[in-house]
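Trainee: Input file: upload.cif. Contents: mmCIF, C-alpha atoms.
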```
data_target
loop_
_atom_site.group_PDB
_atom_site.id
_atom_site.type_symbol
_atom_site.label_atom_id
_atom_site.label_comp_id
_atom_site.auth_asym_id
_atom_site.auth_seq_id
_atom_site.Cartn_x
_atom_site.Cartn_y
_atom_site.Cartn_z
ATOM 1 C CA MET P 1 -11.299 13.443 15.278
ATOM 2 C CA THR P 2 -13.451 14.242 12.273
ATOM 3 C CA LEU P 3 -12.400 16.023 9.107
ATOM 4 C CA THR P 4 -14.887 17.660 6.791
ATOM 5 C CA ILE P 5 -13.699 17.200 3.239
ATOM 6 C CA THR P 6 -15.061 18.483 -0.043
ATOM 7 C CA THR P 7 -14.696 16.822 -3.423
ATOM 8 C CA GLU P 8 -12.585 19.804 -4.482
ATOM 9 C CA ASP P 9 -9.909 19.061 -1.872
ATOM 10 C CA ARG P 10 -6.654 17.626 -3.125
ATOM 11 C CA VAL P 11 -5.694 14.135 -2.023
ATOM 12 C CA ALA P 12 -2.365 15.367 -0.625
ATOM 13 C CA SER P 13 -4.074 17.806 1.727
ATOM 14 C CA ILE P 14 -6.444 15.096 2.996
ATOM 15 C CA ILE P 15 -3.530 12.721 3.620
ATOM 16 C CA GLU P 16 -1.634 15.455 5.450
ATOM 17 C CA ALA P 17 -4.622 16.152 7.710
ATOM 18 C CA VAL P 18 -5.038 12.435 8.431
ATOM 19 C CA LYS P 19 -1.340 12.045 9.291
ATOM 20 C CA ASN P 20 -1.608 14.955 11.721
ATOM 21 C CA ARG P 21 -4.211 12.965 13.632
ATOM 22 C CA LEU P 22 -2.099 9.817 13.917
ATOM 23 C CA PRO P 23 1.012 9.006 15.948
ATOM 24 C CA SER P 24 4.177 9.999 14.084
ATOM 25 C CA ASP P 25 5.502 6.422 13.964
ATOM 26 C CA CYS P 26 2.549 5.569 11.666
ATOM 27 C CA HIS P 27 3.304 8.273 9.130
ATOM 28 C CA ASP P 28 5.644 6.432 6.814
ATOM 29 C CA SER P 29 4.454 2.909 7.523
ATOM 30 C CA ASP P 30 3.109 0.417 4.983
ATOM 31 C CA VAL P 31 -0.204 0.505 6.823
ATOM 32 C CA MET P 32 -0.413 4.282 6.444
ATOM 33 C CA TYR P 33 0.201 3.933 2.697
ATOM 34 C CA ASP P 34 -2.560 1.308 2.489
ATOM 35 C CA CYS P 35 -4.815 3.877 4.195
ATOM 36 C CA CYS P 36 -3.711 6.534 1.678
ATOM 37 C CA THR P 37 -4.810 4.302 -1.207
ATOM 38 C CA ILE P 38 -8.157 3.596 0.496
ATOM 39 C CA ILE P 39 -8.737 7.315 1.159
ATOM 40 C CA ASP P 40 -7.919 8.224 -2.446
ATOM 41 C CA GLU P 41 -10.278 5.519 -3.760
ATOM 42 C CA PHE P 42 -13.128 6.818 -1.591
ATOM 43 C CA HIS P 43 -12.412 10.421 -2.555
ATOM 44 C CA SER P 44 -12.278 9.530 -6.281
ATOM 45 C CA ASN P 45 -15.534 7.666 -5.949
ATOM 46 C CA MET P 46 -17.137 10.745 -4.384
ATOM 47 C CA ARG P 47 -15.833 12.931 -7.200
ATOM 48 C CA GLU P 48 -16.882 10.587 -10.000
ATOM 49 C CA HIS P 49 -20.181 9.202 -8.745
ATOM 50 C CA VAL P 50 -21.605 11.475 -6.053
ATOM 51 C CA ALA P 51 -20.450 14.809 -7.500
ATOM 52 C CA PRO P 52 -20.089 14.000 -11.210
ATOM 53 C CA ASP P 53 -21.535 17.337 -12.285
ATOM 54 C CA LYS P 54 -18.577 19.045 -10.590
ATOM 55 C CA HIS P 55 -20.683 20.586 -7.802
ATOM 56 C CA SER P 56 -18.740 20.382 -4.597
ATOM 57 C CA VAL P 57 -19.994 17.718 -2.204
ATOM 58 C CA SER P 58 -18.883 17.351 1.399
ATOM 59 C CA TRP P 59 -18.054 14.148 3.200
ATOM 60 C CA ARG P 60 -16.665 13.345 6.611
ATOM 61 C CA LEU P 61 -13.688 11.282 7.615
ATOM 62 C CA THR P 62 -13.200 10.288 11.220
ATOM 63 C CA VAL P 63 -9.729 9.011 12.047
ATOM 64 C CA ALA P 64 -8.808 7.010 15.105
ATOM 65 C CA TYR P 65 -5.874 4.923 16.233
ATOM 66 C CA ARG P 66 -6.630 2.107 18.653
ATOM 67 C CA SER P 67 -4.313 -0.671 19.792
ATOM 68 C CA GLY P 68 -2.178 -0.555 16.672
ATOM 69 C CA VAL P 69 -5.104 -0.282 14.282
ATOM 70 C CA ILE P 70 -5.926 2.718 12.078
ATOM 71 C CA CYS P 71 -9.701 3.184 11.968
ATOM 72 C CA LEU P 72 -11.235 5.270 9.188
ATOM 73 C CA CYS P 73 -14.930 6.137 9.137
ATOM 74 C CA PHE P 74 -16.183 7.623 5.845
ATOM 75 C CA GLN P 75 -19.613 9.267 5.862
ATOM 76 C CA TYR P 76 -21.734 11.185 3.391
ATOM 77 C CA LYS P 77 -25.419 11.898 2.827
ATOM 78 C CA GLY P 78 -26.808 10.621 -0.423
ATOM 79 C CA GLU P 79 -28.216 7.630 -2.209
ATOM 80 C CA ARG P 80 -27.379 4.251 -0.756
ATOM 81 C CA PHE P 81 -24.147 2.901 -2.186
ATOM 82 C CA ASP P 82 -22.464 -0.133 -0.684
ATOM 83 C CA PRO P 83 -18.830 -0.247 -1.817
ATOM 84 C CA THR P 84 -18.068 -3.520 -0.046
ATOM 85 C CA GLY P 85 -19.529 -5.840 -2.657
ATOM 86 C CA ALA P 86 -16.705 -5.584 -5.197
ATOM 87 C CA ASP P 87 -15.661 -8.815 -6.854
ATOM 88 C CA GLU P 88 -12.104 -10.022 -6.680
ATOM 89 C CA VAL P 89 -10.128 -8.916 -9.733
ATOM 90 C CA GLU P 90 -10.013 -11.643 -12.372
ATOM 91 C CA PRO P 91 -6.548 -12.723 -13.487
ATOM 92 C CA LEU P 92 -7.024 -11.864 -17.177
ATOM 93 C CA PRO P 93 -4.196 -10.937 -19.549
ATOM 94 C CA ILE P 94 -3.826 -7.171 -19.880
ATOM 95 C CA GLU P 95 -5.069 -7.231 -23.485
ATOM 96 C CA ASP P 96 -8.476 -8.499 -22.326
ATOM 97 C CA ARG P 97 -8.910 -6.195 -19.362
ATOM 98 C CA SER P 98 -10.660 -2.915 -18.792
ATOM 99 C CA ILE P 99 -8.347 -0.267 -17.359
ATOM 100 C CA GLY P 100 -10.916 0.926 -14.820
ATOM 101 C CA GLY P 101 -13.127 -0.461 -12.050
ATOM 102 C CA LEU P 102 -10.331 -1.390 -9.654
ATOM 103 C CA GLY P 103 -10.978 1.122 -6.868
ATOM 104 C CA LEU P 104 -13.600 -0.772 -4.895
ATOM 105 C CA SER P 105 -11.588 -3.990 -5.042
ATOM 106 C CA LEU P 106 -8.605 -2.116 -3.622
ATOM 107 C CA ILE P 107 -10.672 -0.712 -0.732
ATOM 108 C CA SER P 108 -11.881 -4.211 0.200
ATOM 109 C CA GLU P 109 -8.560 -5.965 -0.264
ATOM 110 C CA LEU P 110 -6.457 -3.416 1.605
ATOM 111 C CA SER P 111 -8.825 -3.297 4.591
ATOM 112 C CA ASP P 112 -8.412 -5.782 7.410
ATOM 113 C CA LYS P 113 -12.004 -5.133 8.478
ATOM 114 C CA ILE P 114 -14.717 -3.354 6.495
ATOM 115 C CA ASP P 115 -18.313 -2.594 7.369
ATOM 116 C CA TYR P 116 -21.011 -0.589 5.564
ATOM 117 C CA THR P 117 -24.289 0.770 6.932
ATOM 118 C CA TYR P 118 -26.993 3.080 5.549
ATOM 119 C CA ARG P 119 -29.244 4.926 8.015
ATOM 120 C CA ASN P 120 -31.387 8.041 7.594
ATOM 121 C CA GLY P 121 -29.813 8.835 4.249
ATOM 122 C CA MET P 122 -26.278 8.557 5.625
ATOM 123 C CA ASN P 123 -23.758 6.203 4.025
ATOM 124 C CA THR P 124 -21.192 5.032 6.573
ATOM 125 C CA LEU P 125 -18.169 2.968 5.698
ATOM 126 C CA ASN P 126 -15.947 1.796 8.536
ATOM 127 C CA VAL P 127 -12.535 0.513 7.625
ATOM 128 C CA GLU P 128 -9.798 -0.835 9.869
ATOM 129 C CA VAL P 129 -6.217 -1.357 8.796
ATOM 130 C CA GLY P 130 -3.996 -3.091 11.327
ATOM 131 C CA THR P 131 -0.504 -1.977 12.092
ATOM 132 C CA ILE P 132 0.324 -5.267 13.784
ATOM 133 C CA GLY P 133 -0.985 -7.655 11.154
ATOM 134 C CA ILE P 134 -4.449 -8.477 12.484
ATOM 135 C CA PRO P 135 -5.935 -11.452 10.622
ATOM 136 C CA LYS P 136 -8.506 -10.916 7.855
ATOM 137 C CA GLU P 137 -12.104 -11.648 8.793
ATOM 138 C CA ASP P 138 -12.268 -14.372 6.155
ATOM 139 C CA ASP P 139 -9.017 -15.948 7.279
ATOM 140 C CA PRO P 140 -9.695 -19.727 7.314
ATOM 141 C CA CYS P 141 -7.636 -19.991 10.513
ATOM 142 C CA LEU P 142 -10.242 -18.047 12.465
ATOM 143 C CA MET Q 1 2.438 14.763 -1.669
ATOM 144 C CA SER Q 2 3.071 15.677 -5.289
ATOM 145 C CA LEU Q 3 4.560 13.504 -8.008
ATOM 146 C CA ASN Q 4 8.040 14.143 -9.314
ATOM 147 C CA ILE Q 5 8.881 12.518 -12.649
ATOM 148 C CA VAL Q 6 12.528 12.233 -13.668
ATOM 149 C CA GLU Q 7 13.344 11.144 -17.228
ATOM 150 C CA LYS Q 8 16.358 8.850 -17.040
ATOM 151 C CA ILE Q 9 16.408 7.571 -20.614
ATOM 152 C CA ASN Q 10 14.402 8.819 -23.537
ATOM 153 C CA ALA Q 11 15.789 6.968 -26.517
ATOM 154 C CA ASN Q 12 14.436 5.500 -29.701
ATOM 155 C CA GLU Q 13 12.862 2.305 -28.362
ATOM 156 C CA ALA Q 14 13.096 2.759 -24.609
ATOM 157 C CA VAL Q 15 11.782 5.290 -22.157
ATOM 158 C CA SER Q 16 12.784 5.157 -18.509
ATOM 159 C CA LEU Q 17 11.265 7.229 -15.727
ATOM 160 C CA ALA Q 18 11.920 7.499 -12.013
ATOM 161 C CA LEU Q 19 8.809 8.365 -10.027
ATOM 162 C CA GLN Q 20 8.838 10.061 -6.636
ATOM 163 C CA GLY Q 21 5.774 10.837 -4.558
ATOM 164 C CA SER Q 22 2.247 9.495 -4.689
ATOM 165 C CA LEU Q 23 0.567 8.179 -7.802
ATOM 166 C CA ASP Q 24 -2.966 9.186 -6.910
ATOM 167 C CA SER Q 25 -6.073 10.630 -8.554
ATOM 168 C CA ASP Q 26 -4.593 14.153 -8.556
ATOM 169 C CA THR Q 27 -1.114 13.237 -9.793
ATOM 170 C CA ALA Q 28 -1.855 10.377 -12.229
ATOM 171 C CA PRO Q 29 -2.927 12.791 -15.022
ATOM 172 C CA GLN Q 30 0.538 14.377 -14.739
ATOM 173 C CA LEU Q 31 2.178 10.999 -15.469
ATOM 174 C CA ASP Q 32 -0.307 10.285 -18.256
ATOM 175 C CA GLU Q 33 0.460 13.623 -19.885
ATOM 176 C CA ARG Q 34 4.239 13.068 -19.634
ATOM 177 C CA LEU Q 35 3.957 9.581 -21.134
ATOM 178 C CA ASN Q 36 1.787 10.867 -23.987
ATOM 179 C CA ARG Q 37 4.519 13.372 -24.749
ATOM 180 C CA ILE Q 38 7.533 11.075 -24.603
ATOM 181 C CA ILE Q 39 6.247 7.773 -25.957
ATOM 182 C CA GLY Q 40 7.044 7.837 -29.649
ATOM 183 C CA PRO Q 41 5.833 5.618 -32.486
ATOM 184 C CA SER Q 42 8.861 3.344 -32.081
ATOM 185 C CA THR Q 43 8.839 3.097 -28.271
ATOM 186 C CA LYS Q 44 8.598 -0.530 -27.219
ATOM 187 C CA VAL Q 45 9.751 -0.459 -23.621
ATOM 188 C CA VAL Q 46 8.611 1.859 -20.855
ATOM 189 C CA ALA Q 47 10.490 1.396 -17.594
ATOM 190 C CA PHE Q 48 9.546 2.789 -14.204
ATOM 191 C CA ASN Q 49 11.747 3.069 -11.143
ATOM 192 C CA MET Q 50 9.177 3.059 -8.339
ATOM 193 C CA ALA Q 51 11.606 3.463 -5.424
ATOM 194 C CA GLY Q 52 10.216 6.870 -4.537
ATOM 195 C CA VAL Q 53 6.527 5.998 -4.902
ATOM 196 C CA THR Q 54 4.863 6.137 -1.510
ATOM 197 C CA PHE Q 55 1.473 4.802 -2.595
ATOM 198 C CA ILE Q 56 -0.502 4.101 -5.740
ATOM 199 C CA SER Q 57 -4.265 4.077 -6.245
ATOM 200 C CA SER Q 58 -6.464 2.946 -9.133
ATOM 201 C CA ALA Q 59 -5.953 6.261 -10.962
ATOM 202 C CA GLY Q 60 -2.228 5.522 -11.117
ATOM 203 C CA LEU Q 61 -2.923 1.930 -12.091
ATOM 204 C CA ARG Q 62 -5.042 3.139 -15.008
ATOM 205 C CA VAL Q 63 -2.031 4.997 -16.429
ATOM 206 C CA ILE Q 64 0.189 1.919 -15.985
ATOM 207 C CA PHE Q 65 -2.483 -0.311 -17.575
ATOM 208 C CA LYS Q 66 -2.933 2.071 -20.512
ATOM 209 C CA THR Q 67 0.835 2.110 -21.110
ATOM 210 C CA LEU Q 68 1.019 -1.654 -20.737
ATOM 211 C CA LYS Q 69 -1.775 -2.187 -23.277
ATOM 212 C CA LEU Q 70 -0.057 0.124 -25.756
ATOM 213 C CA MET Q 71 3.340 -1.534 -25.357
ATOM 214 C CA LYS Q 72 1.872 -5.060 -25.586
ATOM 215 C CA SER Q 73 0.032 -4.090 -28.771
ATOM 216 C CA ARG Q 74 3.479 -3.264 -30.231
ATOM 217 C CA GLY Q 75 5.101 -6.437 -28.936
ATOM 218 C CA GLY Q 76 6.829 -4.408 -26.248
ATOM 219 C CA GLN Q 77 6.680 -4.300 -22.490
ATOM 220 C CA VAL Q 78 6.491 -2.258 -19.300
ATOM 221 C CA SER Q 79 9.288 -2.817 -16.806
ATOM 222 C CA VAL Q 80 9.377 -1.862 -13.144
ATOM 223 C CA THR Q 81 11.984 -1.921 -10.441
ATOM 224 C CA GLN Q 82 12.311 -1.113 -6.739
ATOM 225 C CA MET Q 83 8.648 -1.270 -5.814
ATOM 226 C CA SER Q 84 7.872 -0.755 -2.146
ATOM 227 C CA LYS Q 85 6.014 -3.512 -0.313
ATOM 228 C CA GLY Q 86 2.795 -1.469 -0.489
ATOM 229 C CA VAL Q 87 3.025 -0.749 -4.212
ATOM 230 C CA ARG Q 88 3.783 -4.407 -4.928
ATOM 231 C CA LYS Q 89 0.771 -5.393 -2.823
ATOM 232 C CA VAL Q 90 -1.504 -3.157 -4.932
ATOM 233 C CA PHE Q 91 -0.084 -4.631 -8.165
ATOM 234 C CA GLU Q 92 -0.665 -8.120 -6.774
ATOM 235 C CA ILE Q 93 -4.265 -7.336 -5.764
ATOM 236 C CA VAL Q 94 -5.093 -6.238 -9.320
ATOM 237 C CA LYS Q 95 -3.188 -9.254 -10.671
ATOM 238 C CA VAL Q 96 -1.021 -7.323 -13.086
ATOM 239 C CA MET Q 97 2.334 -8.771 -11.998
ATOM 240 C CA PRO Q 98 2.422 -11.458 -14.738
ATOM 241 C CA ASP Q 99 2.174 -8.719 -17.381
ATOM 242 C CA LEU Q 100 5.060 -6.666 -15.983
ATOM 243 C CA THR Q 101 8.772 -7.268 -16.394
ATOM 244 C CA VAL Q 102 10.179 -6.823 -12.899
ATOM 245 C CA PHE Q 103 13.866 -6.097 -12.321
ATOM 246 C CA ALA Q 104 15.573 -6.570 -8.975
ATOM 247 C CA SER Q 105 17.592 -3.373 -9.274
ATOM 248 C CA GLN Q 106 17.992 -0.196 -11.289
ATOM 249 C CA THR Q 107 21.389 -1.477 -12.516
ATOM 250 C CA GLU Q 108 19.814 -4.630 -13.897
ATOM 251 C CA MET Q 109 17.099 -2.594 -15.613
ATOM 252 C CA ASP Q 110 19.640 -0.115 -17.030
ATOM 253 C CA ASP Q 111 21.717 -2.963 -18.490
ATOM 254 C CA TYR Q 112 18.621 -4.358 -20.139
ATOM 255 C CA LEU Q 113 17.557 -0.974 -21.545
ATOM 256 C CA GLU Q 114 21.065 -0.330 -22.869
ATOM 257 C CA ALA Q 115 21.043 -3.705 -24.617
ATOM 258 C CA ILE Q 116 17.723 -2.831 -26.265
ATOM 259 C CA GLN Q 117 19.075 0.511 -27.338
ATOM 260 C CA ARG Q 118 22.281 -0.993 -28.744
ATOM 261 C CA ARG Q 119 20.230 -3.547 -30.658
ATOM 262 C CA ALA Q 120 17.978 -0.797 -32.045
ATOM 263 C CA GLU Q 121 20.983 1.307 -33.075
ATOM 264 C CA GLY Q 122 22.618 -1.759 -34.626
ATOM 265 C CA ALA Q 123 19.505 -2.536 -36.628
ATOM 266 C CA PHE Q 124 19.313 1.084 -37.746
ATOM 267 C CA GLY Q 125 22.993 0.992 -38.742
ATOM 268 C CA GLU Q 126 22.561 -2.193 -40.771
ATOM 269 C CA GLY Q 127 19.506 -0.748 -42.480
ATOM 270 C CA ALA Q 128 21.381 2.432 -43.332
ATOM 271 C CA CYS Q 129 24.058 0.403 -45.152
ATOM 272 C CA LEU Q 130 21.562 -1.327 -47.393
#
```
Write the structure described by the file as structure tokens, please.
Mentor:
Amino acid sequence: MTLTITTEDRVASIIEAVKNRLPSDCHDSDVMYDCCTIIDEFHSNMREHVAPDKHSVSWRLTVAYRSGVICLCFQYKGERFDPTGADEVEPLPIEDRSIGGLGLSLISELSDKIDYTYRNGMNTLNVEVGTIGIPKEDDPCL
Amino acid sequence: MSLNIVEKINANEAVSLALQGSLDSDTAPQLDERLNRIIGPSTKVVAFNMAGVTFISSAGLRVIFKTLKLMKSRGGQVSVTQMSKGVRKVFEIVKVMPDLTVFASQTEMDDYLEAIQRRAEGAFGEGACL
């Protein structure tokens, strides 16, 4: 099920639409709230970097639920931008830190599986967040 | 989901807020605006009860970080209590936990804030006698 979203849409309305496409037992789960953070980070990124001049830009979000895993597919046409290369946040004291630049790290860290592709001008970010604690791809036990 | 901000204490040195809803890119400016209004020149502690916060994103973190930087620059602190598992996870990812004063319960945080307030009032009283 695919939603067409514009950068003018409010986060709450996007979250509501996503919840309506998921089983009700997911709605107030920790995994759902991880997804909410990821969705807000992507949406903010679209607003700040793809539509910075305030023109409305559309993007698509496909939501699926498979075997206890919430799958989110974010897509938009535009310049290539790979959000998966964010560095881990450095443990600096607050006095020495910038207050921004945390969004991409949150997307990567909250996702159990993340994959980016760019084809024919289309950015596609696939994210999976497991409701049954699927191991991280970089888990040394794998 | 919107953000509901309830002022629990707004005293000389301590400000305490209970947050309910999501702290996202649409609602974070609302918290920022409220904090700008209630943090005074002598505020040294800002306390948040996060029990009602469903999720937080980097926009919400920016407001917390900004407040934390301001309080630290005054020798003060930001306190939090009753974080959900998800909110705590986000704080841990951005490695801000060592900079926060975390209380196990609202009661524990209230006792601490009252002690600060009593100390501030005591200091004011002593000064007034001089």
Trainee: Report the closest atom pair, with its distance in Å rounded to one decimal, for each residue of chain Q that has an atom no farther than 12 Å from chain P; count only C-alpha atoms, sort by chain and then rising residue number, and write it as a Markdown table.
Mentor:
```
| residue | atom | partner | partner_atom | distance |
| --- | --- | --- | --- | --- |
| Q:Met1 | CA | P:Ala12 | CA | 5.0 |
| Q:Ser2 | CA | P:Ala12 | CA | 7.2 |
| Q:Leu3 | CA | P:Ala12 | CA | 10.3 |
| Q:Gly21 | CA | P:Ala12 | CA | 10.1 |
| Q:Ser22 | CA | P:Ala12 | CA | 8.5 |
| Q:Leu23 | CA | P:Thr37 | CA | 9.4 |
| Q:Asp24 | CA | P:Asp40 | CA | 6.7 |
| Q:Ser25 | CA | P:Ser44 | CA | 6.7 |
| Q:Asp26 | CA | P:Val11 | CA | 6.6 |
| Q:Thr27 | CA | P:Val11 | CA | 9.1 |
| Q:Ala28 | CA | P:Val11 | CA | 11.5 |
| Q:Val53 | CA | P:Tyr33 | CA | 10.1 |
| Q:Thr54 | CA | P:Tyr33 | CA | 6.7 |
| Q:Phe55 | CA | P:Tyr33 | CA | 5.5 |
| Q:Ile56 | CA | P:Thr37 | CA | 6.3 |
| Q:Ser57 | CA | P:Thr37 | CA | 5.1 |
| Q:Ser58 | CA | P:Gly103 | CA | 5.4 |
| Q:Ala59 | CA | P:Gly100 | CA | 8.2 |
| Q:Gly60 | CA | P:Thr37 | CA | 10.3 |
| Q:Leu61 | CA | P:Ile99 | CA | 7.9 |
| Q:Arg62 | CA | P:Ile99 | CA | 5.3 |
| Q:Val63 | CA | P:Ile99 | CA | 8.3 |
| Q:Ile64 | CA | P:Ile99 | CA | 8.9 |
| Q:Phe65 | CA | P:Ile99 | CA | 5.9 |
| Q:Lys66 | CA | P:Ile99 | CA | 6.7 |
| Q:Thr67 | CA | P:Ile99 | CA | 10.2 |
| Q:Leu68 | CA | P:Ile94 | CA | 7.4 |
| Q:Lys69 | CA | P:Glu95 | CA | 6.0 |
| Q:Leu70 | CA | P:Glu95 | CA | 9.2 |
| Q:Met71 | CA | P:Glu95 | CA | 10.3 |
| Q:Lys72 | CA | P:Glu95 | CA | 7.6 |
| Q:Ser73 | CA | P:Glu95 | CA | 8.0 |
| Q:Arg74 | CA | P:Glu95 | CA | 11.6 |
| Q:Gly75 | CA | P:Glu95 | CA | 11.6 |
| Q:Gln77 | CA | P:Ile94 | CA | 11.2 |
| Q:Val78 | CA | P:Ile94 | CA | 11.4 |
| Q:Ser84 | CA | P:Asp30 | CA | 8.7 |
| Q:Lys85 | CA | P:Asp30 | CA | 7.2 |
| Q:Gly86 | CA | P:Asp30 | CA | 5.8 |
| Q:Val87 | CA | P:Tyr33 | CA | 8.8 |
| Q:Arg88 | CA | P:Asp30 | CA | 11.0 |
| Q:Lys89 | CA | P:Leu110 | CA | 8.7 |
| Q:Val90 | CA | P:Leu106 | CA | 7.3 |
| Q:Phe91 | CA | P:Leu106 | CA | 10.0 |
| Q:Glu92 | CA | P:Val89 | CA | 9.9 |
| Q:Ile93 | CA | P:Glu109 | CA | 7.1 |
| Q:Val94 | CA | P:Val89 | CA | 5.7 |
| Q:Lys95 | CA | P:Pro91 | CA | 5.6 |
| Q:Val96 | CA | P:Ile94 | CA | 7.4 |
| Q:Met97 | CA | P:Pro91 | CA | 9.8 |
| Q:Pro98 | CA | P:Pro93 | CA | 8.2 |
| Q:Asp99 | CA | P:Ile94 | CA | 6.7 |
| Q:Leu100 | CA | P:Ile94 | CA | 9.7 |
```
Trainee: Since I can't run it myself right now, could you work out what the PyMOL selection byres ((chain P and resi 53-61) around 8) selects here and report it as a ChimeraX atom specification?
Mentor: /P:2-8,46-47,50-52,62-63,72-77
Trainee: When the PyMOL selection byres ((chain P and resi 120) around 12) is applied to the file above, which residues end up in the set, as a list in words?
Mentor: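 That expression, the PyMOL selection byres ((chain P and resi 120) around 12), corresponds here to Gln75, Tyr76, Lys77, Gly78, Glu79, Arg80, Thr117, Tyr118, Arg119, Gly121, Met122, Asn123 and Thr124 of chain P.
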Trainee: Those same residues - C-alpha atoms - I'd like them written as a PDB file, in the coordinates of the input.
Mentor:
```pdb
ATOM      1  CA  GLN P  75     -19.613   9.267   5.862  1.00  0.00           C
ATOM      2  CA  TYR P  76     -21.734  11.185   3.391  1.00  0.00           C
ATOM      3  CA  LYS P  77     -25.419  11.898   2.827  1.00  0.00           C
ATOM      4  CA  GLY P  78     -26.808  10.621  -0.423  1.00  0.00           C
ATOM      5  CA  GLU P  79     -28.216   7.630  -2.209  1.00  0.00           C
ATOM      6  CA  ARG P  80     -27.379   4.251  -0.756  1.00  0.00           C
ATOM      7  CA  THR P 117     -24.289   0.770   6.932  1.00  0.00           C
ATOM      8  CA  TYR P 118     -26.993   3.080   5.549  1.00  0.00           C
ATOM      9  CA  ARG P 119     -29.244   4.926   8.015  1.00  0.00           C
ATOM     10  CA  GLY P 121     -29.813   8.835   4.249  1.00  0.00           C
ATOM     11  CA  MET P 122     -26.278   8.557   5.625  1.00  0.00           C
ATOM     12  CA  ASN P 123     -23.758   6.203   4.025  1.00  0.00           C
ATOM     13  CA  THR P 124     -21.192   5.032   6.573  1.00  0.00           C
TER      14      THR P 124
END
```
Trainee: What's around stretch 7-11 of chain Q at 9 Å? Count only C-alpha atoms, leave out sequence neighbours fewer than 2 positions away in its own chain, and write the answer as a tab-separated table (two decimals) with C-alpha atoms, keeping the file's coordinate frame.
Mentor:
```tsv
chain	number	residue	atom	x	y	z
Q	5	ILE	CA	8.88	12.52	-12.65
Q	13	GLU	CA	12.86	2.31	-28.36
Q	14	ALA	CA	13.10	2.76	-24.61
Q	15	VAL	CA	11.78	5.29	-22.16
Q	16	SER	CA	12.78	5.16	-18.51
Q	17	LEU	CA	11.26	7.23	-15.73
Q	18	ALA	CA	11.92	7.50	-12.01
Q	19	LEU	CA	8.81	8.36	-10.03
Q	38	ILE	CA	7.53	11.08	-24.60
Q	39	ILE	CA	6.25	7.77	-25.96
Q	43	THR	CA	8.84	3.10	-28.27
Q	113	LEU	CA	17.56	-0.97	-21.54
Q	117	GLN	CA	19.08	0.51	-27.34
```
Trainee: Could you tell me which residues the PyMOL selection byres ((chain P and resi 127) around 7) returns for this structure, as a VMD selection string?
Mentor: chain P and resid 71 to 73 111 113 to 115 125 to 126 128 to 129
Trainee: Quick one: pull the distance between atom CA of P:Ile70 and atom CA of Q:Ala51, Å, one decimal.
Mentor: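 Separation of atom CA of P:Ile70 and atom CA of Q:Ala51: 24.8 Å.
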Trainee: As lines of an AutoDock Vina configuration file, please: the centre and edge lengths in Å, to one decimal, of an axis-aligned box enclosing every listed atom of stretch 51-62 of chain P with 3 Å added on each side.
Mentor:
```
center_x = -17.4
center_y = 15.4
center_z = -0.5
size_x = 14.3
size_y = 16.3
size_z = 29.5
```
Trainee: So the first atom is atom CA of Q:Glu114 and the second is atom CA of Q:Asn12; what is the distance between them in Å, to one decimal place?
Mentor: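 One can read the atom CA of Q:Glu114 to atom CA of Q:Asn12 distance as 11.2 Å.
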Trainee: Counting all atoms listed in the file, which of Q:Ala115, Q:Met50, Q:Lys44, Q:Pro29 gets nearest to Q:Val6?
Mentor: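 Among the listed residues, the smallest separation from Q:Val6 belongs to Q:Met50.
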Trainee: Rounded to one decimal in Å, what is the spacing between atom CA of Q:Gly52 and atom CA of P:Ala64?
Mentor: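 Going from atom CA of Q:Gly52 over to atom CA of P:Ala64, I get 27.3 Å.
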Trainee: Complete stretch 95-104 of chain P at the level of N, CA and C atoms, written as a PDB file, keeping the file's coordinate frame.
Mentor:
```pdb
ATOM      1  N   GLU P  95      -4.390  -7.540 -22.210  1.00  0.00           N
ATOM      2  CA  GLU P  95      -5.069  -7.231 -23.485  1.00  0.00           C
ATOM      3  C   GLU P  95      -6.583  -7.362 -23.352  1.00  0.00           C
ATOM      4  N   ASP P  96      -7.042  -8.223 -22.450  1.00  0.00           N
ATOM      5  CA  ASP P  96      -8.476  -8.499 -22.326  1.00  0.00           C
ATOM      6  C   ASP P  96      -9.124  -7.751 -21.165  1.00  0.00           C
ATOM      7  N   ARG P  97      -8.378  -6.840 -20.559  1.00  0.00           N
ATOM      8  CA  ARG P  97      -8.910  -6.195 -19.362  1.00  0.00           C
ATOM      9  C   ARG P  97      -9.315  -4.761 -19.607  1.00  0.00           C
ATOM     10  N   SER P  98     -10.297  -4.327 -18.813  1.00  0.00           N
ATOM     11  CA  SER P  98     -10.660  -2.915 -18.792  1.00  0.00           C
ATOM     12  C   SER P  98      -9.632  -2.219 -17.900  1.00  0.00           C
ATOM     13  N   ILE P  99      -9.363  -0.946 -18.188  1.00  0.00           N
ATOM     14  CA  ILE P  99      -8.347  -0.267 -17.359  1.00  0.00           C
ATOM     15  C   ILE P  99      -8.966   0.385 -16.114  1.00  0.00           C
ATOM     16  N   GLY P 100     -10.279   0.295 -15.973  1.00  0.00           N
ATOM     17  CA  GLY P 100     -10.916   0.926 -14.820  1.00  0.00           C
ATOM     18  C   GLY P 100     -11.570  -0.099 -13.899  1.00  0.00           C
ATOM     19  N   GLY P 101     -12.338   0.401 -12.920  1.00  0.00           N
ATOM     20  CA  GLY P 101     -13.127  -0.461 -12.050  1.00  0.00           C
ATOM     21  C   GLY P 101     -12.336  -1.188 -10.974  1.00  0.00           C
ATOM     22  N   LEU P 102     -11.161  -0.682 -10.628  1.00  0.00           N
ATOM     23  CA  LEU P 102     -10.331  -1.390  -9.654  1.00  0.00           C
ATOM     24  C   LEU P 102     -10.437  -0.810  -8.244  1.00  0.00           C
ATOM     25  N   GLY P 103     -10.985   0.397  -8.139  1.00  0.00           N
ATOM     26  CA  GLY P 103     -10.978   1.122  -6.868  1.00  0.00           C
ATOM     27  C   GLY P 103     -11.669   0.397  -5.729  1.00  0.00           C
ATOM     28  N   LEU P 104     -12.855  -0.124  -5.981  1.00  0.00           N
ATOM     29  CA  LEU P 104     -13.600  -0.772  -4.895  1.00  0.00           C
ATOM     30  C   LEU P 104     -12.918  -2.063  -4.448  1.00  0.00           C
TER      31      LEU P 104
END
```
